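Asker: What follows is the file final_35.txt, containing compact mmCIF, C-alpha atoms:
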```
# COMPACT_ATOMS: atom_id res chain seq x y z
CA MET U 1332 29.99 17.83 -24.77
CA THR U 1333 27.02 15.49 -24.36
CA PRO U 1334 23.74 17.47 -24.46
CA PRO U 1335 21.97 17.47 -21.07
CA SER U 1336 19.04 15.10 -20.82
CA SER U 1337 15.48 16.14 -20.07
CA ALA U 1338 12.37 14.43 -18.75
CA GLN U 1339 8.63 15.03 -18.53
CA PRO U 1340 7.34 13.35 -15.34
CA TRP U 1341 3.72 14.40 -15.97
CA THR U 1342 2.19 13.94 -19.42
CA ASP U 1343 0.66 17.43 -19.34
CA GLY U 1344 3.38 19.19 -17.42
CA PRO U 1345 6.78 20.83 -17.40
CA ARG U 1346 10.07 19.46 -18.63
CA LEU U 1347 13.00 18.85 -16.32
CA ASP U 1348 16.54 19.68 -17.39
CA ALA U 1349 19.58 17.96 -15.87
CA ARG U 1350 21.05 21.43 -15.35
CA ARG U 1351 18.62 21.88 -12.40
CA CYS U 1352 15.92 23.89 -14.15
CA VAL U 1353 12.33 23.37 -15.24
CA SER U 1354 10.90 24.54 -18.54
CA LEU U 1355 7.24 25.46 -18.97
CA PRO U 1356 6.86 25.35 -22.76
CA GLY U 1357 3.31 26.72 -22.81
CA SER U 1358 4.35 30.14 -21.51
CA GLY U 1359 8.03 30.09 -22.44
CA THR U 1360 8.97 30.17 -18.75
CA LEU U 1361 12.18 28.86 -17.19
CA VAL U 1362 12.23 28.09 -13.46
CA VAL U 1363 15.13 27.62 -11.04
CA ALA U 1364 15.27 27.64 -7.24
CA ASP U 1365 17.60 28.59 -4.41
CA LEU U 1366 20.47 30.58 -5.93
CA HIS U 1367 21.65 31.87 -2.52
CA LEU U 1368 23.67 34.70 -4.06
CA GLY U 1369 26.17 36.26 -1.67
CA TYR U 1370 26.46 33.14 0.48
CA ALA U 1371 30.17 33.57 1.21
CA TRP U 1372 29.78 37.27 2.09
CA SER U 1373 26.86 36.53 4.38
CA ARG U 1374 28.80 33.85 6.25
CA ARG U 1375 31.87 36.06 6.60
CA LYS U 1376 29.77 38.90 7.99
CA ARG U 1377 28.68 36.47 10.70
CA GLY U 1378 32.26 35.46 11.49
CA LEU U 1379 32.67 32.34 9.32
CA LEU U 1380 35.71 33.00 7.15
CA LEU U 1381 34.70 31.26 3.94
CA PRO U 1382 36.92 31.84 0.88
CA LEU U 1383 35.74 34.77 -1.21
CA GLU U 1384 37.61 33.62 -4.29
CA ALA U 1385 35.99 30.17 -4.44
CA PRO U 1386 34.48 29.77 -7.91
CA ASP U 1387 30.78 30.62 -8.12
CA ASP U 1388 29.47 29.45 -11.47
CA THR U 1389 25.85 30.48 -10.93
CA LEU U 1390 25.74 33.28 -13.51
CA ASP U 1391 27.71 31.26 -16.05
CA ARG U 1392 25.27 28.35 -15.78
CA LEU U 1393 22.27 30.68 -15.97
CA SER U 1394 23.77 32.34 -19.04
CA ILE U 1395 23.97 29.00 -20.82
CA LEU U 1396 20.34 28.23 -19.99
CA HIS U 1397 19.29 31.70 -21.15
CA ARG U 1398 21.08 31.14 -24.45
CA ASP U 1399 19.70 27.64 -24.98
CA TYR U 1400 16.06 28.33 -24.08
CA GLN U 1401 15.68 32.04 -24.87
CA PRO U 1402 12.76 32.18 -22.41
CA LYS U 1403 10.04 34.81 -22.36
CA ARG U 1404 10.02 34.71 -18.57
CA TRP U 1405 12.30 33.64 -15.73
CA VAL U 1406 10.87 32.62 -12.35
CA LEU U 1407 13.28 32.25 -9.43
CA LEU U 1408 11.65 30.17 -6.69
CA GLY U 1409 12.99 31.93 -3.64
CA ASP U 1410 16.20 32.25 -1.69
CA ILE U 1411 17.56 34.32 -4.54
CA VAL U 1412 20.05 35.68 -2.01
CA HIS U 1413 21.40 34.07 1.13
CA GLU U 1414 20.81 37.30 3.02
CA ALA U 1415 19.61 40.65 1.64
CA LEU U 1416 22.49 42.69 3.07
CA ASP U 1417 23.14 46.29 2.07
CA LEU U 1418 26.52 45.45 0.58
CA PRO U 1419 28.00 46.72 -2.71
CA VAL U 1420 29.10 43.18 -3.61
CA LEU U 1421 25.53 41.89 -3.30
CA GLU U 1422 24.14 44.82 -5.28
CA LYS U 1423 26.69 44.03 -8.00
CA ALA U 1424 25.70 40.35 -8.05
CA LEU U 1425 22.00 41.17 -8.29
CA ARG U 1426 22.59 43.74 -11.03
CA GLU U 1427 24.54 41.17 -13.03
CA LEU U 1428 21.77 38.63 -12.48
CA CYS U 1429 19.10 41.06 -13.67
CA GLU U 1430 21.15 42.25 -16.65
CA LEU U 1431 21.47 38.64 -17.73
CA LEU U 1432 17.98 37.28 -17.14
CA ALA U 1433 15.89 40.39 -17.81
CA THR U 1434 17.36 40.76 -21.30
CA ASN U 1435 14.37 40.13 -23.59
CA ALA U 1436 12.56 38.33 -20.75
CA GLU U 1437 10.38 39.09 -17.75
CA LEU U 1438 12.04 38.38 -14.40
CA ILE U 1439 9.99 37.23 -11.38
CA PHE U 1440 11.33 36.75 -7.85
CA CYS U 1441 9.13 34.41 -5.75
CA LEU U 1442 10.53 35.48 -2.41
CA GLY U 1443 11.70 32.85 0.08
CA ASN U 1444 12.64 32.79 3.74
CA HIS U 1445 16.19 33.99 3.00
CA ASP U 1446 14.89 36.94 0.95
CA ARG U 1447 13.73 39.12 3.84
CA ASN U 1448 14.31 42.77 2.82
CA LEU U 1449 15.10 41.77 -0.77
CA GLU U 1450 12.01 43.51 -2.12
CA SER U 1451 13.15 46.81 -0.59
CA ARG U 1452 16.64 46.30 -2.07
CA VAL U 1453 15.05 45.71 -5.48
CA ARG U 1454 13.18 49.01 -5.19
CA THR U 1455 16.16 50.96 -3.82
CA TRP U 1456 18.55 49.63 -6.46
CA LYS U 1457 15.88 49.95 -9.21
CA LEU U 1458 16.33 46.39 -10.41
CA PRO U 1459 14.11 45.11 -13.26
CA ALA U 1460 12.44 42.31 -11.29
CA THR U 1461 8.93 41.78 -9.93
CA CYS U 1462 8.71 40.42 -6.37
CA VAL U 1463 5.80 38.15 -5.33
CA SER U 1464 5.35 35.29 -2.88
CA ALA U 1465 3.63 33.08 -5.46
CA LEU U 1466 2.11 33.07 -8.92
CA LEU U 1467 0.02 30.84 -11.15
CA SER U 1468 1.38 29.75 -14.52
CA ASP U 1469 0.74 26.85 -16.89
CA GLY U 1470 -1.68 25.25 -14.44
CA LEU U 1471 0.94 25.32 -11.69
CA LEU U 1472 1.37 27.17 -8.41
CA LEU U 1473 4.93 28.51 -8.30
CA THR U 1474 6.22 29.44 -4.85
CA HIS U 1475 9.27 28.94 -2.64
CA GLY U 1476 7.71 26.35 -0.35
CA ASP U 1477 8.58 27.56 3.14
CA THR U 1478 4.97 28.59 3.78
CA LEU U 1479 1.53 28.19 2.26
CA PRO U 1480 0.97 31.35 0.20
CA ALA U 1481 -2.15 33.41 0.84
CA ALA U 1482 -4.06 33.94 -2.39
CA ASP U 1483 -5.27 37.36 -1.26
CA SER U 1484 -1.81 38.74 -0.50
CA PRO U 1485 -1.22 42.10 -2.22
CA GLY U 1486 0.68 41.74 -5.47
CA ASP U 1487 0.39 37.97 -5.64
CA PHE U 1488 -1.27 35.90 -8.36
CA GLN U 1489 -1.64 38.94 -10.61
CA LEU U 1490 0.68 37.64 -13.32
CA SER U 1491 -1.74 35.08 -14.73
CA SER U 1492 -5.45 34.89 -15.47
CA GLU U 1493 -5.58 31.19 -14.58
CA PRO U 1494 -8.25 30.53 -11.91
CA SER U 1495 -6.51 27.61 -10.21
CA ALA U 1496 -3.48 25.35 -10.22
CA LYS U 1497 -3.44 21.58 -10.67
CA ARG U 1498 -0.01 21.10 -9.09
CA TRP U 1499 2.80 23.08 -7.47
CA LEU U 1500 6.50 23.70 -8.05
CA ILE U 1501 8.66 24.66 -5.08
CA GLY U 1502 12.26 24.94 -3.94
CA HIS U 1503 13.37 25.40 -0.33
CA GLU U 1504 14.18 21.74 0.43
CA HIS U 1505 17.47 21.36 -1.56
CA PRO U 1506 16.73 17.66 -2.31
CA ALA U 1507 19.57 15.24 -3.05
CA LEU U 1508 20.14 11.49 -3.26
CA SER U 1509 23.27 9.49 -2.51
CA LEU U 1510 24.05 6.92 -5.18
CA GLY U 1511 26.72 4.26 -4.87
CA ASP U 1512 28.19 1.16 -6.46
CA GLY U 1513 27.28 -1.02 -3.50
CA VAL U 1514 30.90 -1.42 -2.46
CA ALA U 1515 32.84 1.69 -1.50
CA THR U 1516 31.92 4.62 -3.73
CA ARG U 1517 29.02 6.95 -3.04
CA VAL U 1518 28.21 10.40 -4.39
CA LYS U 1519 25.50 12.86 -3.38
CA CYS U 1520 23.65 14.35 -6.34
CA PRO U 1521 20.97 17.07 -6.52
CA ALA U 1522 17.56 15.75 -7.51
CA PHE U 1523 14.01 16.68 -8.47
CA LEU U 1524 11.36 15.06 -6.25
CA VAL U 1525 8.06 14.30 -8.01
CA SER U 1526 4.64 13.45 -6.58
CA ASP U 1527 1.13 13.58 -8.00
CA ALA U 1528 0.61 16.87 -6.16
CA GLY U 1529 3.78 18.69 -7.14
CA MET U 1530 7.51 18.82 -7.53
CA VAL U 1531 10.50 20.03 -5.52
CA LEU U 1532 13.39 21.51 -7.50
CA PRO U 1533 17.02 20.99 -6.51
CA ALA U 1534 18.97 24.00 -5.32
CA PHE U 1535 20.65 25.76 -8.23
CA SER U 1536 23.45 27.05 -6.01
CA SER U 1537 26.72 25.14 -6.02
CA TRP U 1538 27.14 26.14 -2.36
CA ALA U 1539 24.03 24.17 -1.33
CA ALA U 1540 25.10 20.82 0.11
CA GLY U 1541 21.73 19.18 -0.50
CA CYS U 1542 19.39 17.44 1.95
CA GLU U 1543 19.53 13.70 1.48
CA TRP U 1544 16.31 11.84 0.81
CA GLY U 1545 15.24 9.79 3.82
CA ARG U 1546 17.79 11.28 6.20
CA GLN U 1547 16.42 14.74 6.91
CA PRO U 1548 12.81 15.86 7.43
CA PHE U 1549 11.14 18.24 5.02
CA LEU U 1550 10.94 21.84 6.20
CA GLY U 1551 7.91 23.24 4.39
CA PRO U 1552 4.20 22.31 4.56
CA LEU U 1553 3.76 21.38 0.89
CA ALA U 1554 6.69 18.95 0.85
CA ARG U 1555 5.70 17.48 4.23
CA ALA U 1556 2.19 16.70 2.98
CA ALA U 1557 3.28 15.15 -0.34
CA HIS U 1558 3.97 11.50 -1.17
CA PHE U 1559 6.93 11.51 -3.53
CA GLN U 1560 7.10 8.51 -5.83
CA THR U 1561 10.07 9.39 -8.06
CA ALA U 1562 13.32 11.29 -7.94
CA TRP U 1563 15.05 12.49 -11.06
CA VAL U 1564 18.72 12.66 -10.13
CA CYS U 1565 20.99 15.22 -11.81
CA ALA U 1566 24.09 13.16 -12.55
CA GLY U 1567 26.27 15.40 -14.69
CA THR U 1568 24.42 15.87 -17.98
CA ARG U 1569 22.06 12.95 -17.30
CA LEU U 1570 18.76 12.66 -15.46
CA LEU U 1571 18.38 9.31 -13.72
CA PRO U 1572 14.89 8.21 -12.58
CA VAL U 1573 14.84 6.56 -9.16
CA ALA U 1574 11.74 4.90 -7.67
CA LEU U 1575 11.76 6.21 -4.11
CA GLU U 1576 9.75 3.35 -2.60
CA ARG U 1577 12.65 1.06 -3.55
CA PHE U 1578 15.40 3.45 -2.53
```
Take the structure in the file and give it back as structure tokens.

Answerer:
Amino acid sequence: MTPPSSAQPWTDGPRLDARRCVSLPGSGTLVVADLHLGYAWSRRKRGLLLPLEAPDDTLDRLSILHRDYQPKRWVLLGDIVHEALDLPVLEKALRELCELLATNAELIFCLGNHDRNLESRVRTWKLPATCVSALLSDGLLLTHGDTLPAADSPGDFQLSSEPSAKRWLIGHEHPALSLGDGVATRVKCPAFLVSDAGMVLPAFSSWAAGCEWGRQPFLGPLARAAHFQTAWVCAGTRLLPVALERF
């Protein structure tokens, strides 16, 4: 298998991995966004009969990243679950996630808009994860991106002694680009969006369809205010840089 490519869009910043994650070498942190665990169960509970046996490779892909990077810390940038339902199948999925990622590593949940009630589930199920809305690490503000985090919120920003952040990393937007051969073939690929102010990560979930660049408005305030110059498209094991002003 061809090793996945990586890129460093800022000279003093994190490294992107074609497997939809970001590495922060300074602190040994690995960051992914938007797992949406339990998506099929959540949809079925609301009457949409999605297949429960459709392959979900989320834990397998995370396991490979955990093996390859051996991080000191995992940060999940929100929408860890699709809906924090009190269901045994969701408890099982979260326990498996924590058993995998919290092995020899700290596990941080930056809660997103889909994670309402997740913090109480974490406490009730005694899961080894810390829940915050945002944190500072490696000169970066890490948060989900659906809202602007309040620096004085209880429990937030206590995981780093850094006084400020130069840029931000968020999820929430599920960015994607459609690439084609100019004739008949087009494919939609997840992508990182990069600006001088920050970066949007692609959704890690295979269920997430992706929001195409230029076709759908951004949902969160940080993404709406940014001017993105470059997309790094996850095309299999390769990262393809795309200048967005020419796209």

Asker: Using only C-alpha atoms, determine which residues lie at most 7 Å from U:Ala1436, disregarding the query and same-chain residues fewer than 5 positions distant; provide the list as a PyMOL selection string.

Answerer: chain U and resi 1402-1405

Asker: Find the residue from U:Gly1551, U:Gly1470, U:Gly1476, U:Gly1567 that sits nearest to U:Gly1409; use all atoms listed in the file when measuring.

Answerer: U:Gly1476

Asker: Go through U:Arg1452, U:His1505, U:Arg1569, U:Lys1519 and flag the residue nearest U:Ala1554, using all atoms listed in the file for the distances.

Answerer: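 Smallest separation from U:Ala1554 among the options: U:His1505.
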
Asker: Find the axis-aligned box for stretch 1449-1459 of chain U, covering all its listed atoms and adding 8 Å on each side, and write its centre and edge lengths in Å to one decimal as lines of an AutoDock Vina configuration file.

Answerer:
```
center_x = 15.3
center_y = 46.4
center_z = -6.9
size_x = 22.5
size_y = 25.2
size_z = 28.7
```

Asker: Contacts of U:Gly1369 at 10 Å or less, counting all atoms listed in the file, minus same-chain residues fewer than 5 places along, as an mmCIF file with C-alpha atoms, in the frame of the given file?

Answerer:
```cif
data_model
loop_
_atom_site.group_PDB
_atom_site.id
_atom_site.type_symbol
_atom_site.label_atom_id
_atom_site.label_comp_id
_atom_site.auth_asym_id
_atom_site.auth_seq_id
_atom_site.Cartn_x
_atom_site.Cartn_y
_atom_site.Cartn_z
ATOM 1 C CA ARG U 1374 28.800 33.850 6.250
ATOM 2 C CA LEU U 1383 35.740 34.770 -1.210
ATOM 3 C CA ASP U 1387 30.780 30.620 -8.120
ATOM 4 C CA ILE U 1411 17.560 34.320 -4.540
ATOM 5 C CA VAL U 1412 20.050 35.680 -2.010
ATOM 6 C CA HIS U 1413 21.400 34.070 1.130
ATOM 7 C CA GLU U 1414 20.810 37.300 3.020
ATOM 8 C CA ALA U 1415 19.610 40.650 1.640
ATOM 9 C CA LEU U 1416 22.490 42.690 3.070
ATOM 10 C CA LEU U 1418 26.520 45.450 0.580
ATOM 11 C CA VAL U 1420 29.100 43.180 -3.610
ATOM 12 C CA LEU U 1421 25.530 41.890 -3.300
ATOM 13 C CA GLU U 1422 24.140 44.820 -5.280
ATOM 14 C CA ALA U 1424 25.700 40.350 -8.050
ATOM 15 C CA LEU U 1425 22.000 41.170 -8.290
#
```

Asker: Which residues come within 10 Å of U:Pro1340, counting only C-alpha atoms, excluding same-chain residues fewer than 3 positions away, as a VMD selection string?

Answerer: chain U and resid 1337 1343 to 1347 1525 to 1527 1530 1561 to 1563 1572

Asker: Using only C-alpha atoms, which residue out of U:Leu1510, U:Val1564, U:Leu1524, U:Leu1570 lies closest to U:Phe1549?

Answerer: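 Counting only C-alpha atoms, the residue closest to U:Phe1549 is U:Leu1524.
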
Asker: Give the answer as one residue: which of U:Arg1546, U:His1475, U:Arg1447, U:Arg1517 has the shortest atom-to-atom distance to U:Val1406, using only C-alpha atoms?

Answerer: U:His1475

Asker: Skip U:Asp1388 itself and residues of its chain fewer than 2 positions away, then list as a PDB file with C-alpha atoms, in the coordinates of the input all residues within 12 Å of it, counting only C-alpha atoms.

Answerer:
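This is the output file result-v5.pdb:
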```
ATOM      1  CA  LEU U1366      20.470  30.580  -5.930  1.00  0.00           C
ATOM      2  CA  LEU U1368      23.670  34.700  -4.060  1.00  0.00           C
ATOM      3  CA  GLU U1384      37.610  33.620  -4.290  1.00  0.00           C
ATOM      4  CA  ALA U1385      35.990  30.170  -4.440  1.00  0.00           C
ATOM      5  CA  PRO U1386      34.480  29.770  -7.910  1.00  0.00           C
ATOM      6  CA  LEU U1390      25.740  33.280 -13.510  1.00  0.00           C
ATOM      7  CA  ASP U1391      27.710  31.260 -16.050  1.00  0.00           C
ATOM      8  CA  ARG U1392      25.270  28.350 -15.780  1.00  0.00           C
ATOM      9  CA  LEU U1393      22.270  30.680 -15.970  1.00  0.00           C
ATOM     10  CA  SER U1394      23.770  32.340 -19.040  1.00  0.00           C
ATOM     11  CA  ILE U1395      23.970  29.000 -20.820  1.00  0.00           C
ATOM     12  CA  PHE U1535      20.650  25.760  -8.230  1.00  0.00           C
ATOM     13  CA  SER U1536      23.450  27.050  -6.010  1.00  0.00           C
ATOM     14  CA  SER U1537      26.720  25.140  -6.020  1.00  0.00           C
ATOM     15  CA  TRP U1538      27.140  26.140  -2.360  1.00  0.00           C
TER      16      TRP U1538
END
```

Asker: Rebuild stretch 1540-1571 of chain U to N, CA and C atoms - output it as an mmCIF file, keeping the file's coordinate frame, please.

Answerer:
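Okay, this is what ended up in rebuild16.cif:
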```
data_model
loop_
_atom_site.group_PDB
_atom_site.id
_atom_site.type_symbol
_atom_site.label_atom_id
_atom_site.label_comp_id
_atom_site.auth_asym_id
_atom_site.auth_seq_id
_atom_site.Cartn_x
_atom_site.Cartn_y
_atom_site.Cartn_z
ATOM 1 N N ALA U 1540 24.613 22.188 -0.063
ATOM 2 C CA ALA U 1540 25.100 20.820 0.110
ATOM 3 C C ALA U 1540 24.053 19.795 -0.310
ATOM 4 N N GLY U 1541 22.778 20.124 -0.157
ATOM 5 C CA GLY U 1541 21.730 19.180 -0.500
ATOM 6 C C GLY U 1541 21.279 18.382 0.711
ATOM 7 N N CYS U 1542 19.966 18.208 0.846
ATOM 8 C CA CYS U 1542 19.390 17.440 1.950
ATOM 9 C C CYS U 1542 19.030 16.057 1.442
ATOM 10 N N GLU U 1543 19.666 15.056 1.998
ATOM 11 C CA GLU U 1543 19.530 13.700 1.480
ATOM 12 C C GLU U 1543 18.149 13.116 1.753
ATOM 13 N N TRP U 1544 17.597 12.501 0.702
ATOM 14 C CA TRP U 1544 16.310 11.840 0.810
ATOM 15 C C TRP U 1544 16.357 10.773 1.909
ATOM 16 N N GLY U 1545 15.363 10.805 2.786
ATOM 17 C CA GLY U 1545 15.240 9.790 3.820
ATOM 18 C C GLY U 1545 16.062 10.031 5.061
ATOM 19 N N ARG U 1546 16.935 11.031 5.048
ATOM 20 C CA ARG U 1546 17.790 11.280 6.200
ATOM 21 C C ARG U 1546 17.437 12.545 6.959
ATOM 22 N N GLN U 1547 16.776 13.475 6.288
ATOM 23 C CA GLN U 1547 16.420 14.740 6.910
ATOM 24 C C GLN U 1547 14.954 15.047 6.649
ATOM 25 N N PRO U 1548 14.237 15.567 7.629
ATOM 26 C CA PRO U 1548 12.810 15.860 7.430
ATOM 27 C C PRO U 1548 12.619 17.057 6.505
ATOM 28 N N PHE U 1549 11.475 17.076 5.831
ATOM 29 C CA PHE U 1549 11.140 18.240 5.020
ATOM 30 C C PHE U 1549 10.821 19.426 5.921
ATOM 31 N N LEU U 1550 11.105 20.623 5.419
ATOM 32 C CA LEU U 1550 10.940 21.840 6.200
ATOM 33 C C LEU U 1550 9.608 22.526 5.961
ATOM 34 N N GLY U 1551 9.102 22.473 4.739
ATOM 35 C CA GLY U 1551 7.910 23.240 4.390
ATOM 36 C C GLY U 1551 6.652 22.392 4.358
ATOM 37 N N PRO U 1552 5.474 23.036 4.468
ATOM 38 C CA PRO U 1552 4.200 22.310 4.560
ATOM 39 C C PRO U 1552 3.818 21.552 3.298
ATOM 40 N N LEU U 1553 4.115 22.076 2.118
ATOM 41 C CA LEU U 1553 3.760 21.380 0.890
ATOM 42 C C LEU U 1553 4.549 20.087 0.737
ATOM 43 N N ALA U 1554 5.853 20.153 0.965
ATOM 44 C CA ALA U 1554 6.690 18.950 0.850
ATOM 45 C C ALA U 1554 6.329 17.934 1.926
ATOM 46 N N ARG U 1555 6.037 18.401 3.147
ATOM 47 C CA ARG U 1555 5.700 17.480 4.230
ATOM 48 C C ARG U 1555 4.416 16.710 3.937
ATOM 49 N N ALA U 1556 3.485 17.337 3.243
ATOM 50 C CA ALA U 1556 2.190 16.700 2.980
ATOM 51 C C ALA U 1556 2.205 15.812 1.736
ATOM 52 N N ALA U 1557 3.249 15.876 0.930
ATOM 53 C CA ALA U 1557 3.280 15.150 -0.340
ATOM 54 C C ALA U 1557 3.815 13.732 -0.167
ATOM 55 N N HIS U 1558 3.408 12.864 -1.089
ATOM 56 C CA HIS U 1558 3.970 11.500 -1.170
ATOM 57 C C HIS U 1558 4.767 11.415 -2.461
ATOM 58 N N PHE U 1559 6.075 11.497 -2.349
ATOM 59 C CA PHE U 1559 6.930 11.510 -3.530
ATOM 60 C C PHE U 1559 7.198 10.083 -4.000
ATOM 61 N N GLN U 1560 6.903 9.837 -5.264
ATOM 62 C CA GLN U 1560 7.100 8.510 -5.830
ATOM 63 C C GLN U 1560 8.445 8.375 -6.554
ATOM 64 N N THR U 1561 8.913 9.472 -7.175
ATOM 65 C CA THR U 1561 10.070 9.390 -8.060
ATOM 66 C C THR U 1561 11.018 10.545 -7.813
ATOM 67 N N ALA U 1562 12.293 10.249 -7.894
ATOM 68 C CA ALA U 1562 13.320 11.290 -7.940
ATOM 69 C C ALA U 1562 13.996 11.228 -9.301
ATOM 70 N N TRP U 1563 14.248 12.390 -9.846
ATOM 71 C CA TRP U 1563 15.050 12.490 -11.060
ATOM 72 C C TRP U 1563 16.389 13.100 -10.653
ATOM 73 N N VAL U 1564 17.416 12.280 -10.657
ATOM 74 C CA VAL U 1564 18.720 12.660 -10.130
ATOM 75 C C VAL U 1564 19.551 13.337 -11.222
ATOM 76 N N CYS U 1565 20.130 14.485 -10.876
ATOM 77 C CA CYS U 1565 20.990 15.220 -11.810
ATOM 78 C C CYS U 1565 22.418 14.680 -11.675
ATOM 79 N N ALA U 1566 22.765 13.790 -12.566
ATOM 80 C CA ALA U 1566 24.090 13.160 -12.550
ATOM 81 C C ALA U 1566 24.881 13.665 -13.751
ATOM 82 N N GLY U 1567 25.571 14.784 -13.556
ATOM 83 C CA GLY U 1567 26.270 15.400 -14.690
ATOM 84 C C GLY U 1567 25.263 15.918 -15.693
ATOM 85 N N THR U 1568 25.352 15.448 -16.926
ATOM 86 C CA THR U 1568 24.420 15.870 -17.980
ATOM 87 C C THR U 1568 23.230 14.920 -18.100
ATOM 88 N N ARG U 1569 23.128 13.945 -17.205
ATOM 89 C CA ARG U 1569 22.060 12.950 -17.300
ATOM 90 C C ARG U 1569 21.055 13.110 -16.160
ATOM 91 N N LEU U 1570 19.817 12.767 -16.468
ATOM 92 C CA LEU U 1570 18.760 12.660 -15.460
ATOM 93 C C LEU U 1570 18.450 11.181 -15.271
ATOM 94 N N LEU U 1571 18.606 10.709 -14.036
ATOM 95 C CA LEU U 1571 18.380 9.310 -13.720
ATOM 96 C C LEU U 1571 17.117 9.158 -12.902
#
```
